[in-house]
>>> print(open('data-v4.cif').read())   # mmCIF, C-alpha atoms
data_model
loop_
_atom_site.label_atom_id
_atom_site.label_comp_id
_atom_site.auth_asym_id
_atom_site.auth_seq_id
_atom_site.Cartn_x
_atom_site.Cartn_y
_atom_site.Cartn_z
CA MET A 902 11.34 -9.37 -38.05
CA THR A 903 13.28 -7.93 -40.90
CA ALA A 904 12.74 -4.55 -42.38
CA ASP A 905 13.77 -2.52 -45.30
CA GLY A 906 16.59 -0.32 -44.23
CA GLY A 907 15.70 2.46 -46.64
CA ALA A 908 17.06 3.64 -50.00
CA LYS A 909 19.67 6.21 -48.98
CA PRO A 910 23.20 5.78 -50.37
CA MET A 911 25.54 4.10 -47.91
CA LYS A 912 27.90 7.10 -47.62
CA THR A 913 25.19 9.38 -46.33
CA ARG A 914 23.43 6.66 -44.42
CA ILE A 915 26.32 5.61 -42.19
CA PRO A 916 27.04 9.01 -40.62
CA ALA A 917 23.34 9.44 -40.02
CA LEU A 918 23.20 5.98 -38.46
CA LEU A 919 26.17 6.66 -36.24
CA SER A 920 24.61 9.90 -35.17
CA GLY A 921 21.33 8.14 -34.47
CA LEU A 922 22.96 5.41 -32.48
CA ALA A 923 24.96 7.95 -30.51
CA LEU A 924 21.72 9.64 -29.69
CA GLY A 925 20.26 6.25 -28.91
CA ALA A 926 23.09 5.62 -26.52
CA SER A 927 21.88 8.55 -24.51
CA LEU A 928 18.48 6.97 -24.06
CA VAL A 929 17.43 6.15 -20.59
CA LEU A 930 14.50 3.87 -20.20
CA VAL A 931 13.58 4.96 -16.73
CA PRO A 932 13.48 1.58 -14.95
CA ALA A 933 16.59 0.30 -16.67
CA GLY A 934 18.42 3.51 -15.96
CA ALA A 935 17.49 3.32 -12.31
CA ALA A 936 18.69 -0.26 -12.15
CA ALA A 937 21.97 0.63 -13.80
CA ALA A 938 22.54 3.40 -11.32
CA ALA A 939 21.91 1.10 -8.41
CA SER A 940 23.99 -1.86 -9.49
CA PRO A 941 26.77 -2.85 -11.89
CA ALA A 942 25.93 -3.47 -15.53
CA PRO A 943 24.07 -6.74 -15.99
CA ALA A 944 25.74 -9.75 -17.54
CA GLY A 945 24.04 -8.99 -20.83
CA GLY A 946 26.10 -5.83 -21.23
CA PRO A 947 25.74 -2.11 -20.69
CA SER A 948 22.26 -0.75 -20.87
CA GLY A 949 22.24 2.72 -19.43
CA ASN A 950 22.49 6.27 -20.52
CA GLY A 951 25.47 7.09 -22.73
CA GLN A 952 26.97 3.64 -22.41
CA CYS A 953 27.97 3.51 -26.07
CA ALA A 954 29.08 7.10 -26.57
CA PRO A 955 32.83 6.27 -26.54
CA GLN A 956 32.34 3.47 -29.09
CA ALA A 957 30.23 5.75 -31.26
CA SER A 958 32.92 8.40 -31.17
CA ALA A 959 35.62 5.88 -32.06
CA ALA A 960 33.59 4.47 -34.96
CA ASN A 961 32.91 7.97 -36.22
CA SER A 962 36.54 8.99 -36.20
CA GLY A 963 37.85 5.80 -37.78
CA ALA A 964 35.46 3.18 -39.09
CA THR A 965 37.69 0.16 -38.68
CA VAL A 966 36.41 -3.38 -38.23
CA ALA A 967 37.40 -3.25 -34.57
CA SER A 968 35.74 0.08 -33.86
CA LEU A 969 32.59 -0.82 -35.76
CA ARG A 970 32.37 -4.17 -34.01
CA ALA A 971 32.88 -2.57 -30.62
CA PHE A 972 30.16 -0.06 -31.37
CA ALA A 973 27.79 -2.77 -32.60
CA ASP A 974 28.50 -4.97 -29.60
CA CYS A 975 27.75 -2.13 -27.23
CA GLU A 976 24.52 -1.19 -28.96
CA ILE A 977 23.34 -4.79 -29.11
CA ASP A 978 24.30 -5.52 -25.53
CA ARG A 979 22.32 -2.70 -23.99
CA ARG A 980 19.09 -3.80 -25.64
CA PRO A 981 18.49 -7.11 -23.84
CA SER A 982 18.44 -5.23 -20.55
CA THR A 983 15.70 -3.00 -21.89
CA LEU A 984 13.86 -6.00 -23.28
CA ASN A 985 14.15 -7.80 -19.94
CA THR A 986 12.61 -4.78 -18.24
CA LEU A 987 9.76 -4.93 -20.71
CA ALA A 988 9.34 -8.67 -20.21
CA ASN A 989 9.12 -8.13 -16.47
CA ALA A 990 6.53 -5.42 -16.97
CA VAL A 991 4.46 -7.78 -19.09
CA SER A 992 4.70 -10.73 -16.74
CA GLY A 993 4.08 -8.51 -13.72
CA SER A 994 1.01 -6.83 -15.14
CA LYS A 995 -2.24 -7.88 -13.50
CA THR A 996 -4.37 -6.24 -16.12
CA LEU A 997 -2.90 -7.50 -19.38
CA GLY A 998 -5.24 -10.04 -20.85
CA SER A 999 -4.57 -12.07 -23.94
CA ASP A 1000 -2.16 -9.37 -25.12
CA ALA A 1001 0.44 -10.59 -22.66
CA GLY A 1002 1.23 -13.66 -24.73
CA ALA A 1003 1.68 -11.69 -27.94
CA LEU A 1004 3.90 -9.09 -26.29
CA SER A 1005 6.01 -11.73 -24.54
CA GLY A 1006 6.47 -13.52 -27.85
CA GLU A 1007 7.54 -10.33 -29.56
CA ILE A 1008 10.03 -9.49 -26.82
CA ALA A 1009 11.47 -12.99 -26.94
CA ALA A 1010 11.82 -12.80 -30.72
CA GLU A 1011 13.65 -9.49 -30.44
CA LYS A 1012 16.09 -10.93 -27.91
CA SER A 1013 16.66 -14.01 -30.01
CA GLY A 1014 17.23 -11.96 -33.15
CA LEU A 1015 19.69 -9.66 -31.42
CA THR A 1016 21.59 -12.67 -30.06
CA THR A 1017 21.92 -14.03 -33.56
CA LEU A 1018 22.98 -10.64 -34.88
CA ARG A 1019 25.64 -10.36 -32.21
CA ALA A 1020 27.09 -13.69 -33.23
CA SER A 1021 27.20 -12.45 -36.81
CA VAL A 1022 28.96 -9.27 -35.72
CA GLU A 1023 31.55 -11.23 -33.79
CA ALA A 1024 32.35 -13.36 -36.81
CA GLU A 1025 32.37 -10.52 -39.34
CA THR A 1026 35.63 -9.22 -40.75
CA SER A 1027 34.26 -6.81 -43.32
CA ALA A 1028 33.73 -3.19 -42.31
CA LYS A 1029 31.06 -2.89 -44.98
CA VAL A 1030 29.04 -5.77 -43.56
CA LEU A 1031 29.53 -4.45 -40.05
CA ARG A 1032 28.06 -1.15 -41.13
CA ALA A 1033 25.04 -3.04 -42.43
CA ASP A 1034 24.81 -4.95 -39.16
CA LEU A 1035 24.91 -1.69 -37.27
CA GLU A 1036 21.97 -0.48 -39.27
CA LYS A 1037 20.06 -3.69 -38.59
CA ILE A 1038 20.36 -3.15 -34.84
CA VAL A 1039 18.05 -0.21 -35.31
CA SER A 1040 15.93 -0.95 -38.33
CA ASP A 1041 15.23 -4.64 -37.77
CA TYR A 1042 14.32 -4.36 -34.09
CA ARG A 1043 13.30 -0.82 -33.19
CA VAL A 1044 13.61 -1.66 -29.53
CA TYR A 1045 13.43 1.92 -28.32
CA ALA A 1046 11.38 3.59 -31.00
CA LEU A 1047 8.73 0.90 -31.28
CA VAL A 1048 8.82 -1.93 -28.77
CA VAL A 1049 9.26 0.18 -25.63
CA PRO A 1050 6.24 2.42 -26.33
CA GLN A 1051 4.28 -0.44 -27.86
CA VAL A 1052 4.56 -2.59 -24.75
CA ASN A 1053 4.05 0.25 -22.29
CA LEU A 1054 1.08 1.68 -24.14
CA THR A 1055 -0.56 -1.73 -24.44
CA ILE A 1056 -0.12 -2.30 -20.72
CA ALA A 1057 -1.59 1.13 -20.02
CA ALA A 1058 -4.51 0.59 -22.40
CA ASP A 1059 -5.38 -2.77 -20.88
CA ALA A 1060 -5.16 -1.23 -17.41
CA VAL A 1061 -7.67 1.44 -18.44
CA LEU A 1062 -9.99 -1.26 -19.74
CA ALA A 1063 -9.51 -3.34 -16.61
CA SER A 1064 -10.72 -0.45 -14.50
CA GLN A 1065 -14.22 -0.64 -15.94
CA PRO A 1066 -15.56 -3.44 -13.69
CA LYS A 1067 -13.96 -1.76 -10.69
CA PHE A 1068 -15.73 1.49 -11.52
CA SER A 1069 -18.93 -0.46 -12.07
CA GLN A 1070 -18.58 -1.94 -8.59
CA LEU A 1071 -17.94 1.49 -7.12
CA GLY A 1072 -20.93 2.92 -8.99
CA THR A 1073 -23.20 0.23 -7.59
CA ALA A 1074 -22.00 0.91 -4.06
CA VAL A 1075 -22.50 4.65 -4.43
CA ALA A 1076 -25.96 4.13 -5.95
CA ASN A 1077 -26.93 1.91 -3.00
CA ARG A 1078 -25.86 4.58 -0.56
CA ILE A 1079 -27.74 7.20 -2.47
CA ALA A 1080 -30.86 5.03 -2.33
CA ALA A 1081 -30.45 4.51 1.41
CA ALA A 1082 -29.94 8.21 1.99
CA SER A 1083 -32.96 9.07 -0.12
CA LYS A 1084 -35.05 6.58 1.82
CA ALA A 1085 -33.92 8.29 4.99
CA GLY A 1086 -35.24 11.58 3.65
CA LYS A 1087 -31.91 13.08 2.68
CA ASN A 1088 -31.44 15.30 -0.38
CA THR A 1089 -29.35 13.24 -2.81
CA THR A 1090 -29.45 15.51 -5.85
CA ALA A 1091 -25.76 16.42 -5.71
CA ALA A 1092 -24.66 12.86 -5.11
CA GLN A 1093 -26.72 11.63 -8.02
CA ALA A 1094 -25.16 14.24 -10.29
CA ASP A 1095 -21.67 13.25 -9.17
CA LEU A 1096 -22.42 9.59 -9.81
CA ALA A 1097 -23.66 10.42 -13.30
CA THR A 1098 -20.45 12.37 -13.93
CA MET A 1099 -18.37 9.44 -12.76
CA ASN A 1100 -20.17 7.04 -15.08
CA ALA A 1101 -19.84 9.43 -18.02
CA ASP A 1102 -16.11 9.87 -17.42
CA VAL A 1103 -15.58 6.11 -17.31
CA ALA A 1104 -17.57 5.62 -20.50
CA ALA A 1105 -15.48 8.28 -22.25
CA ALA A 1106 -12.24 6.62 -21.17
CA MET A 1107 -13.38 3.22 -22.39
CA ALA A 1108 -14.41 4.66 -25.74
CA LEU A 1109 -10.99 6.25 -26.17
CA VAL A 1110 -8.98 3.17 -25.29
CA GLY A 1111 -11.17 0.26 -26.38
CA PRO A 1112 -9.73 -0.07 -29.91
CA LEU A 1113 -6.09 0.56 -28.97
CA PRO A 1114 -4.72 -2.85 -27.91
CA ALA A 1115 -5.75 -4.38 -31.22
CA GLN A 1116 -3.93 -1.57 -33.02
CA LEU A 1117 -0.80 -1.58 -30.87
CA VAL A 1118 0.02 -5.25 -30.43
CA PRO A 1119 0.50 -6.16 -34.12
CA LEU A 1120 2.88 -3.27 -34.90
CA THR A 1121 6.21 -4.32 -36.39
CA PRO A 1122 9.58 -2.68 -37.03
CA ALA A 1123 8.78 -2.82 -40.74
CA GLN A 1124 5.65 -0.75 -40.12
CA TYR A 1125 7.70 1.68 -38.09
CA ASN A 1126 10.27 1.95 -40.89
CA ALA A 1127 7.46 2.49 -43.38
CA GLY A 1128 6.12 5.34 -41.30
CA THR A 1129 2.78 3.75 -40.40
CA ALA A 1130 3.47 2.67 -36.81
CA GLY A 1131 4.63 6.04 -35.52
CA PRO A 1132 1.29 7.81 -35.94
CA ILE A 1133 -0.51 4.89 -34.28
CA LEU A 1134 1.83 5.07 -31.29
CA SER A 1135 1.44 8.81 -31.06
CA ALA A 1136 -2.34 8.71 -31.27
CA ALA A 1137 -2.47 5.92 -28.72
CA ARG A 1138 -0.28 7.91 -26.34
CA THR A 1139 -2.61 10.89 -26.61
CA ALA A 1140 -5.76 8.81 -26.20
CA ILE A 1141 -4.48 6.92 -23.17
CA GLY A 1142 -3.37 10.16 -21.56
CA ARG A 1143 -6.85 11.59 -22.00
CA ALA A 1144 -8.44 8.39 -20.75
CA ARG A 1145 -6.20 8.46 -17.70
CA ASP A 1146 -7.39 12.01 -17.02
CA ASP A 1147 -11.00 10.91 -17.46
CA LEU A 1148 -10.53 8.10 -14.96
CA LYS A 1149 -8.95 10.44 -12.43
CA ALA A 1150 -11.93 12.74 -12.86
CA ALA A 1151 -14.21 9.73 -12.40
CA VAL A 1152 -12.57 8.83 -9.10
CA ALA A 1153 -12.93 12.42 -7.95
CA ALA A 1154 -16.61 12.40 -8.92
CA GLY A 1155 -17.16 9.16 -7.01
CA LYS A 1156 -15.56 10.67 -3.93
CA ALA A 1157 -17.66 13.80 -4.33
CA ALA A 1158 -20.82 11.69 -4.48
CA LEU A 1159 -19.90 9.95 -1.24
CA ALA A 1160 -19.02 13.25 0.40
CA ALA A 1161 -22.36 14.72 -0.63
CA LEU A 1162 -24.12 11.99 1.33
CA LYS A 1163 -22.39 12.79 4.60
CA MET B 977 -29.88 -62.67 89.89
CA PRO B 978 -27.06 -64.80 88.54
CA ALA B 979 -23.84 -63.04 87.64
CA GLU B 980 -24.11 -63.87 83.93
CA VAL B 981 -27.58 -62.41 83.67
CA GLU B 982 -26.47 -59.28 85.51
CA LEU B 983 -23.55 -58.82 83.05
CA ASN B 984 -25.82 -59.13 80.06
CA CYS B 985 -28.18 -56.63 81.56
CA ARG B 986 -25.39 -54.10 82.12
CA THR B 987 -24.11 -54.59 78.58
CA ALA B 988 -27.55 -54.02 77.19
CA VAL B 989 -27.95 -50.87 79.24
CA ALA B 990 -24.55 -49.63 78.10
CA SER B 991 -25.40 -50.29 74.47
CA ARG B 992 -28.69 -48.44 74.76
CA LEU B 993 -26.96 -45.54 76.44
CA SER B 994 -24.37 -45.45 73.69
CA VAL B 995 -27.05 -45.42 71.02
CA ALA B 996 -28.91 -42.70 72.90
CA LEU B 997 -25.77 -40.62 73.26
CA LEU B 998 -25.03 -41.06 69.61
CA LEU B 999 -28.51 -39.89 68.66
CA VAL B 1000 -28.17 -36.92 71.01
CA ALA B 1001 -24.84 -36.08 69.50
CA ILE B 1002 -26.26 -36.25 65.98
CA ALA B 1003 -29.19 -34.11 67.01
CA ALA B 1004 -26.87 -31.63 68.68
CA ALA B 1005 -24.73 -31.46 65.63
CA GLY B 1006 -27.78 -30.80 63.52
CA CYS B 1007 -28.91 -28.07 65.82
CA GLY B 1008 -25.42 -26.62 65.82
CA GLN B 1009 -25.40 -26.36 62.06
CA HIS B 1010 -28.74 -24.65 62.00
CA GLY B 1011 -27.67 -22.37 64.75
CA ALA B 1012 -24.54 -21.37 62.85
CA GLY B 1013 -26.51 -20.40 59.77
CA PRO B 1014 -24.95 -17.01 59.14
CA ALA B 1015 -21.46 -18.42 59.30
CA GLN B 1016 -22.05 -20.94 56.57
CA PRO B 1017 -21.86 -18.61 53.55
CA ALA B 1018 -18.64 -17.24 54.81
CA ALA B 1019 -17.22 -20.70 55.09
CA LEU B 1020 -18.47 -21.54 51.63
CA SER B 1021 -17.05 -18.32 50.24
CA ALA B 1022 -13.72 -19.10 51.71
CA ALA B 1023 -13.84 -22.56 50.29
CA THR B 1024 -14.83 -21.19 46.86
CA ALA B 1025 -12.06 -18.66 46.98
CA THR B 1026 -9.61 -21.39 47.78
CA VAL B 1027 -10.82 -23.40 44.82
CA ALA B 1028 -10.58 -20.33 42.63
CA ASP B 1029 -7.06 -19.64 43.80
CA SER B 1030 -6.03 -23.17 43.15
CA ALA B 1031 -7.66 -23.04 39.71
CA ALA B 1032 -5.86 -19.87 38.67
CA PRO B 1033 -2.59 -21.55 37.65
CA ILE B 1034 -4.45 -23.96 35.40
CA ALA B 1035 -3.92 -21.71 32.38
CA PRO B 1036 -2.26 -23.70 29.56
CA ALA B 1037 1.48 -23.67 29.63
CA PRO B 1038 3.19 -22.25 26.57
CA LEU B 1039 3.80 -24.80 23.87
CA GLU B 1040 7.26 -25.09 22.45
CA THR B 1041 7.40 -24.59 18.74
CA GLU B 1042 9.78 -26.33 16.40
CA ALA B 1043 11.96 -23.27 16.42
CA GLY B 1044 12.21 -23.49 20.17
CA SER B 1045 10.36 -20.30 20.86
CA PRO B 1046 7.32 -20.51 23.08
CA ALA B 1047 4.00 -20.17 21.39
CA PRO B 1048 1.75 -17.46 22.78
CA ALA B 1049 -0.03 -18.66 25.90
CA ALA B 1050 -3.78 -18.67 26.00
CA GLN B 1051 -4.79 -15.58 27.87
CA PRO B 1052 -7.81 -15.33 30.07
CA THR B 1053 -10.47 -13.38 28.29
CA THR B 1054 -12.51 -10.90 30.18
CA ALA B 1055 -15.59 -9.16 28.97
CA THR B 1056 -13.62 -5.92 28.80
CA GLN B 1057 -10.90 -7.52 26.77
CA ALA B 1058 -13.42 -9.07 24.41
CA ALA B 1059 -15.13 -5.74 23.93
CA ALA B 1060 -11.83 -4.03 23.26
CA THR B 1061 -10.81 -6.68 20.73
CA GLY B 1062 -14.16 -6.47 19.03
CA GLY B 1063 -13.78 -2.74 18.79
CA ALA B 1064 -10.35 -3.06 17.21
CA VAL B 1065 -11.68 -5.51 14.64
CA ALA B 1066 -14.50 -3.15 13.83
CA GLN B 1067 -12.04 -0.30 13.38
CA ALA B 1068 -9.67 -2.37 11.20
CA THR B 1069 -12.39 -3.45 8.78
CA PRO B 1070 -12.11 -1.03 5.85
CA ASP B 1071 -15.08 0.47 4.13
CA PRO B 1072 -15.51 -1.48 0.86
CA VAL B 1073 -15.99 1.78 -1.01
CA ASP B 1074 -12.70 3.15 0.33
CA THR B 1075 -11.01 -0.10 -0.69
CA SER B 1076 -12.49 0.22 -4.15
CA ILE B 1077 -11.29 3.81 -4.54
CA SER B 1078 -7.86 2.87 -3.25
CA GLY B 1079 -7.63 0.07 -5.81
CA LEU B 1080 -8.59 2.45 -8.59
CA ASN B 1081 -5.96 4.96 -7.50
CA GLN B 1082 -3.33 2.23 -7.59
CA LEU B 1083 -4.43 1.26 -11.06
CA LEU B 1084 -4.20 4.89 -12.17
CA ASN B 1085 -0.69 5.12 -10.76
CA GLY B 1086 0.21 2.08 -12.84
CA ILE B 1087 -1.14 3.75 -15.95
CA ASP B 1088 0.95 6.82 -15.19
CA GLY B 1089 4.03 4.60 -14.87
CA SER B 1090 3.38 2.90 -18.19
CA LEU B 1091 2.91 6.23 -19.93
CA SER B 1092 6.20 7.46 -18.49
CA GLY B 1093 7.91 4.29 -19.71
CA SER B 1094 6.44 4.81 -23.14
CA ASP B 1095 7.70 8.40 -23.26
CA ALA B 1096 11.19 7.31 -22.25
CA GLY B 1097 11.38 4.82 -25.08
CA ALA B 1098 10.16 7.27 -27.69
CA SER B 1099 13.34 9.32 -27.30
CA GLY B 1100 15.62 6.40 -28.04
CA GLY B 1101 17.43 7.89 -31.00
CA GLU B 1102 16.24 5.20 -33.32
#
>>> encode(input="data-v4.cif", output="structure tokens")
Amino acid sequence: MTADGGAKPMKTRIPALLSGLALGASLVLVPAGAAAAASPAPAGGPSGNGQCAPQASAANSGATVASLRAFADCEIDRRPSTLNTLANAVSGSKTLGSDAGALSGEIAAEKSGLTTLRASVEAETSAKVLRADLEKIVSDYRVYALVVPQVNLTIAADAVLASQPKFSQLGTAVANRIAAASKAGKNTTAAQADLATMNADVAAAMALVGPLPAQLVPLTPAQYNAGTAGPILSAARTAIGRARDDLKAAVAAGKAALAALK
Amino acid sequence: MPAEVELNCRTAVASRLSVALLLVAIAAAGCGQHGAGPAQPAALSAATATVADSAAPIAPAPLETEAGSPAPAAQPTTATQAAATGGAVAQATPDPVDTSISGLNQLLNGIDGSLSGSDAGASGGE
């Protein structure tokens, strides 16, 4: 996964990169941050909020080989922890279908690439090359800007889709109870309306999310750098949020149907 | 009458008397049992109670497990106990619809978690 780092001149690019990485160092991926707070840094290196701020500051004030390498090491080392969290989320998901394999492969490739990059950083003696390596940490992998939302949104999308048979089962059960109540002479008008609402909400959620996994899984850092992945991630986030709201409304409608029969 | 013949005659008489006495005794015993009719159930009840008492400790002894702790002993089951147990089972069996809704709520919580994770990554400074 290589990507074009952009066409800006190096002199303007490096301060921007350092600033970006310093901001990146303040990132807290919620599960990883929680883990870091509860236990010492993992063997793979620091991963939590602000872990690389001192190295960023040192590299900004004097871009020596040592300071650049220290900054690069820190930024590389916090990423495997994030990637491990993502890998655990993928392997622990009960609703990811065939997307699990693709996501796991992508995560593994990112870890492998970062390991190779770290070895390169350790061996490098040129500040100029180290600056380029620093840029690669971001542009070639996009762990936080791309992979984190990509994996989480795919998991969420597949979970929405996996809810359909469960809602279908619930709908059948509610319909059976409505039929029994009607047979017993009960007025089931409200329950029938609630059931129809539930089914409509579920259908709306499925329509929103159905196409998303196929759009999310193939995204690459190169697409992110080219500006095409960001809008897909953003649209997917919005659609899944709306679908989640639809499903919550569907559950409420199902409950209302059952309550109307009592 | 010769002495030998007289002895045989006495023996025969004694034997017949013995048989007669035996028959009378048997008959008397039979009459006695019939006459003691009302007492018989009591005697039988007592005997049954005795058997029941002696049967009570027959409950299986606890079996030792490999860990050395005794396994639960088999408890006598009464109709009341059975009814109570049946009631508990009936109460513990969840409504399938409630189970279905609970499963959906869990799934929705998972979706919320994934969306939060996605939002956290989007502010990574990359």
>>> resolve_selection(input="data-v4.cif", expression="the PyMOL selection byres ((chain B) within 12 of (chain A))", output="short mmCIF file (atom, residue, chain, number, x, y, z; two decimals) with C-alpha atoms, in the coordinates of the input")
data_model
loop_
_atom_site.label_atom_id
_atom_site.label_comp_id
_atom_site.auth_asym_id
_atom_site.auth_seq_id
_atom_site.Cartn_x
_atom_site.Cartn_y
_atom_site.Cartn_z
CA ASP B 1071 -15.08 0.47 4.13
CA PRO B 1072 -15.51 -1.48 0.86
CA VAL B 1073 -15.99 1.78 -1.01
CA ASP B 1074 -12.70 3.15 0.33
CA THR B 1075 -11.01 -0.10 -0.69
CA SER B 1076 -12.49 0.22 -4.15
CA ILE B 1077 -11.29 3.81 -4.54
CA SER B 1078 -7.86 2.87 -3.25
CA GLY B 1079 -7.63 0.07 -5.81
CA LEU B 1080 -8.59 2.45 -8.59
CA ASN B 1081 -5.96 4.96 -7.50
CA GLN B 1082 -3.33 2.23 -7.59
CA LEU B 1083 -4.43 1.26 -11.06
CA LEU B 1084 -4.20 4.89 -12.17
CA ASN B 1085 -0.69 5.12 -10.76
CA GLY B 1086 0.21 2.08 -12.84
CA ILE B 1087 -1.14 3.75 -15.95
CA ASP B 1088 0.95 6.82 -15.19
CA GLY B 1089 4.03 4.60 -14.87
CA SER B 1090 3.38 2.90 -18.19
CA LEU B 1091 2.91 6.23 -19.93
CA SER B 1092 6.20 7.46 -18.49
CA GLY B 1093 7.91 4.29 -19.71
CA SER B 1094 6.44 4.81 -23.14
CA ASP B 1095 7.70 8.40 -23.26
CA ALA B 1096 11.19 7.31 -22.25
CA GLY B 1097 11.38 4.82 -25.08
CA ALA B 1098 10.16 7.27 -27.69
CA SER B 1099 13.34 9.32 -27.30
CA GLY B 1100 15.62 6.40 -28.04
CA GLY B 1101 17.43 7.89 -31.00
CA GLU B 1102 16.24 5.20 -33.32
#
>>> atom_distance(input="data-v4.cif", atom1="CA of Ser1005 (chain A)", atom2="CA of Asp1041 (chain A)")
17.6 Å
>>> atom_distance(input="data-v4.cif", atom1="CA of Ala1091 (chain A)", atom2="CA of Leu1162 (chain A)")
8.5 Å
>>> atom_distance(input="data-v4.cif", atom1="CA of Phe972 (chain A)", atom2="CA of Thr1016 (chain A)")
15.3 Å
>>> residues_around(input="data-v4.cif", residues="Ala973 (chain A)", least_positions_apart="6", cutoff="9 Å", atoms="only C-alpha atoms", output="VMD selection string")
chain A and resid 956 to 957 1019 1022 1031 to 1032 1034 to 1035 1038
>>> closest_residue(input="data-v4.cif", among="A:Leu1113, A:Ala1009, A:Val991, A:Lys1163", to="Ala1140 (chain A)", atoms="all atoms listed in the file")
A:Leu1113
>>> residues_near_point(input="data-v4.cif", point="(-27.5, 8.9, -1.7)", cutoff="12 Å", atoms="all atoms listed in the file", output="PyMOL selection string")
chain A and resi 1072-1096+1155+1157-1163
>>> resolve_selection(input="data-v4.cif", expression="the PyMOL selection byres ((chain A and resi 1025-1028) around 9)", output="list in words")
Ala964, Thr965, Val966, Ala967, Leu969, Arg970, Ala1020, Ser1021, Val1022, Glu1023, Ala1024, Lys1029, Val1030, Leu1031, Arg1032 and Ala1033 of chain A
